[in-house]
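All remarks here apply to the structure that follows.
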Amino acid sequence: MSDTIQRIGILTGGGDCPGLNAVIRAAVKTAINEYGWEVLGIEDGFEGLIKPDKARLLDITDVRGLLPRGGTMLGSTNRANPFHYEVSNNGEVKVFDVSETVLQRVRDYGIDVLLVIGGDGTMRIAQELMQKGLQVVGVPKTIDNDLYGTEITVGFDTAVTTAMEALDKLHTTAESHHRVLVIELMGRHAGWIALAAGVAGGADVILIPEIPYHLDVIADKIRQRNASGAQFSLVVVAEGSMPLGGEAVYQAERDLGGVSRLGGVGEVVAAQLRRMCHTDVRVTVLGHLQRGGSPSAFDRLLATRFGAMAVHMIAQGKVGHMVALQDGCMTAVLMREAVSRQKQVPLDSDLVGAALGLNICLGNTRQAIMVRQEPARIT
């Protein structure tokens with residue numbers, strides 16, 4: 001297929017994360033150095049294929065120095081779904097399907113294959129466009145690590161490191177003031193960041209969406225620590241966590257388009273623990289700090305491997321696929337498979353087992369977690 005390709009396009013969609021620029025750098029350099037292709041950078045995700053004049057040719061000099069830079073040089077948005085594109089006119093919002101505009105723009109730009117870097121939302125859009133005839137190859141990125149088909153996504157390692165470093169700092173202030181500190185982390189409906197950062201950062205309680213929590217179990221853990229002389233506790237809460245028999249907490253303010261936004265569970269848990277344990281409880285919401293900053297060495301390597309592999313996949317004709325990491329090796333998975341389900345934390349994973357072995361409270365009893373293992377497992 002490489003002989004028929006002259007120009008590829010590249011865009012970054014959805015939320016930003018560390019490592020996006022490293023993917024762009026690797027893809028551009030590989031496409032030019034290995035195959036002599038032109039690379040067109042599309043600005044602001046799919047918005048750049050909906051609106052005119054939002055694309056530019058990229059050469060080697062354009063990607064120089066990108067490796068350590070966070071964010072994305074091309075810009076991104078999670079509000080430009082071509083199949084559900086919102087247009088506001090005099091305060092009235094209307095929704096249009098502008099997918100044909102996207103396809104025509106790709107033809108006008110002379111793009112033979114579009115390289116899409118994104119999470120599950122971006123990959124779903126790419127899959128739908130592919131069904132309408134667009135040639136697409138995907139690269140998985142999301143700090144949430146919830147994209148199916150790959151062991152890890154670009155941005156996850158850096159987000160975990162940022163959260164771990166925050167826990168290290170909060171540990172000393174919690175101990176000094178004999179407080180319970182609740183730390184709310186991102187992750188949507190998957191607990192990968194909270195579990196990994198919590199274990200690495202020495203948390204005493206870790207709440208994740210995969211294990212509905214019971215407040216009495218958490219309160220007992222804090223009381224036990226106080227009775228043993230510890231006098232402080234670190235409680236990590238993933239934003240999508242929910243009580244047993246309850247629902248996740250959403251912010252009152254919604255995103256554009258009326259999309260509900262997770263957030264606030266840390267304050268809810270803190271208020272309940274304050275009342276139950278009669279102790280000083282404070283809350284830290286790490287928020288978008290987890291998305292920012294320079295990528296870790298692991299993310300730089302992963303992003304570089306993904307970017308280079310994606311270009312080789314284009315050359316091999318593997319369109320309709322997403323590059324993935326499986327058993328430590330680069331591979332390709334069908335995009336429709338990657339978006340077929342969400343990748344949550346398997347309750348029988350070794351990391352869950354390690355947390356239980358360390359006597360970390362996961363929000364419910366060991367027996368309740370063991371009973372839920374098989375039906376809750378999503379791999």
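The chains in the structure tokens are called A, B, ... from first to last as shown; in each chain the residues are counted from 1, and the ligands are counted from 1 in the order shown.
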Query - Neighbour list for Thr162 of chain A as a ChimeraX atom specification, cut-off 12 Å, only C-alpha atoms, skip fewer than 6 positions in-chain - result: /A:17-18,143,155-156,168-169,185-186,193-194,196-198,200-201,286-296
Strand (DSSP E) call set, DSSP backbone run, segment 22-229 of chain A, as a compact mmCIF listing (two decimals) with C-alpha atoms, in the first residue's frame:
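out.txt, freshly written:
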# COMPACT_ATOMS: atom_id res chain seq x y z
CA GLU A 38 3.83 14.29 3.17
CA VAL A 39 2.19 14.78 6.57
CA LEU A 40 -0.71 17.16 7.06
CA GLY A 41 -1.38 18.22 10.65
CA ILE A 42 -5.08 18.73 11.42
CA ALA A 55 -4.53 22.20 8.57
CA ARG A 56 -0.86 22.62 7.75
CA LEU A 57 1.97 20.58 6.30
CA LEU A 58 4.44 19.30 8.88
CA TYR A 85 -22.03 18.62 15.80
CA GLU A 86 -23.58 21.47 17.76
CA VAL A 87 -24.08 24.91 16.30
CA SER A 88 -25.32 27.82 18.42
CA ASN A 89 -27.33 30.55 16.73
CA GLU A 92 -30.47 28.25 20.17
CA VAL A 93 -28.37 25.11 19.84
CA LYS A 94 -28.95 22.83 16.88
CA VAL A 95 -27.29 19.49 16.16
CA PHE A 96 -26.11 18.47 12.70
CA VAL A 113 -4.97 7.78 5.29
CA LEU A 114 -5.85 9.63 8.50
CA LEU A 115 -3.86 8.83 11.65
CA VAL A 116 -6.11 9.49 14.65
CA ILE A 117 -4.67 9.78 18.17
CA GLY A 118 -7.31 9.58 20.88
CA VAL A 136 -8.05 5.37 9.32
CA VAL A 137 -5.35 4.08 11.68
CA GLY A 138 -5.63 4.75 15.42
CA VAL A 139 -3.20 5.41 18.28
CA PRO A 140 -4.59 4.92 21.81
CA VAL A 180 -7.72 12.16 57.10
CA LEU A 181 -6.96 13.45 53.62
CA VAL A 182 -9.26 12.48 50.75
CA ILE A 183 -7.69 12.76 47.29
CA GLU A 184 -10.05 12.68 44.29
CA LEU A 185 -8.45 11.46 41.06
CA VAL A 205 -8.04 3.43 51.38
CA ILE A 206 -8.57 3.25 47.61
CA LEU A 207 -12.04 3.56 46.12
Requested in this report: For Gln342 of chain A, please output as a ChimeraX atom specification all residues within 8 Å (counting only C-alpha atoms; exclusion window: fewer than 2 positions along the same chain).
Outcome: /A:146-148,339-340,344,378
Go ahead and write the residues just picked, N, CA and C atoms, as a compact mmCIF listing (two decimals), in the first residue's frame.
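Result file follows (part-v3.txt):
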# COMPACT_ATOMS: atom_id res chain seq x y z
N ASP A 146 -8.50 3.25 29.85
CA ASP A 146 -9.72 2.44 29.77
C ASP A 146 -10.06 2.01 28.35
N LEU A 147 -9.10 2.11 27.43
CA LEU A 147 -9.35 1.72 26.04
C LEU A 147 -9.03 0.25 25.85
N TYR A 148 -9.99 -0.49 25.39
CA TYR A 148 -9.86 -1.95 25.25
C TYR A 148 -8.90 -2.31 24.13
N VAL A 339 -13.24 -0.42 20.42
CA VAL A 339 -14.34 0.39 20.94
C VAL A 339 -15.54 -0.47 21.35
N SER A 340 -15.37 -1.77 21.37
CA SER A 340 -16.48 -2.67 21.64
C SER A 340 -16.87 -2.70 23.12
N GLN A 344 -11.99 -2.03 32.21
CA GLN A 344 -11.96 -1.71 33.64
C GLN A 344 -10.93 -2.58 34.35
N ILE A 378 -13.79 -7.35 33.57
CA ILE A 378 -13.83 -6.89 32.18
C ILE A 378 -12.40 -6.77 31.71
Query raised in the report: Looking at A:Arg225, A:Arg64, A:Lys318, A:Arg79, which one is nearest to Gly45 of chain A, with distances taken over only C-alpha atoms?
Result: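 That would be A:Arg79, the residue with the smallest distance to Gly45 of chain A.
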Query raised in the report: Between atom CA of Leu273 of chain A and atom CA of Pro346 of chain A, what is the distance, to one decimal in Å?
Result: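 It comes out at 27.3 Å.
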**Report entry** Residue neighbourhood Cys329 of chain A, 12 Å, only C-alpha atoms, exclusion window fewer than 4 positions, as a VMD selection string
**Finding:** chain A and resid 150 to 152 302 305 to 306 309 323 to 325
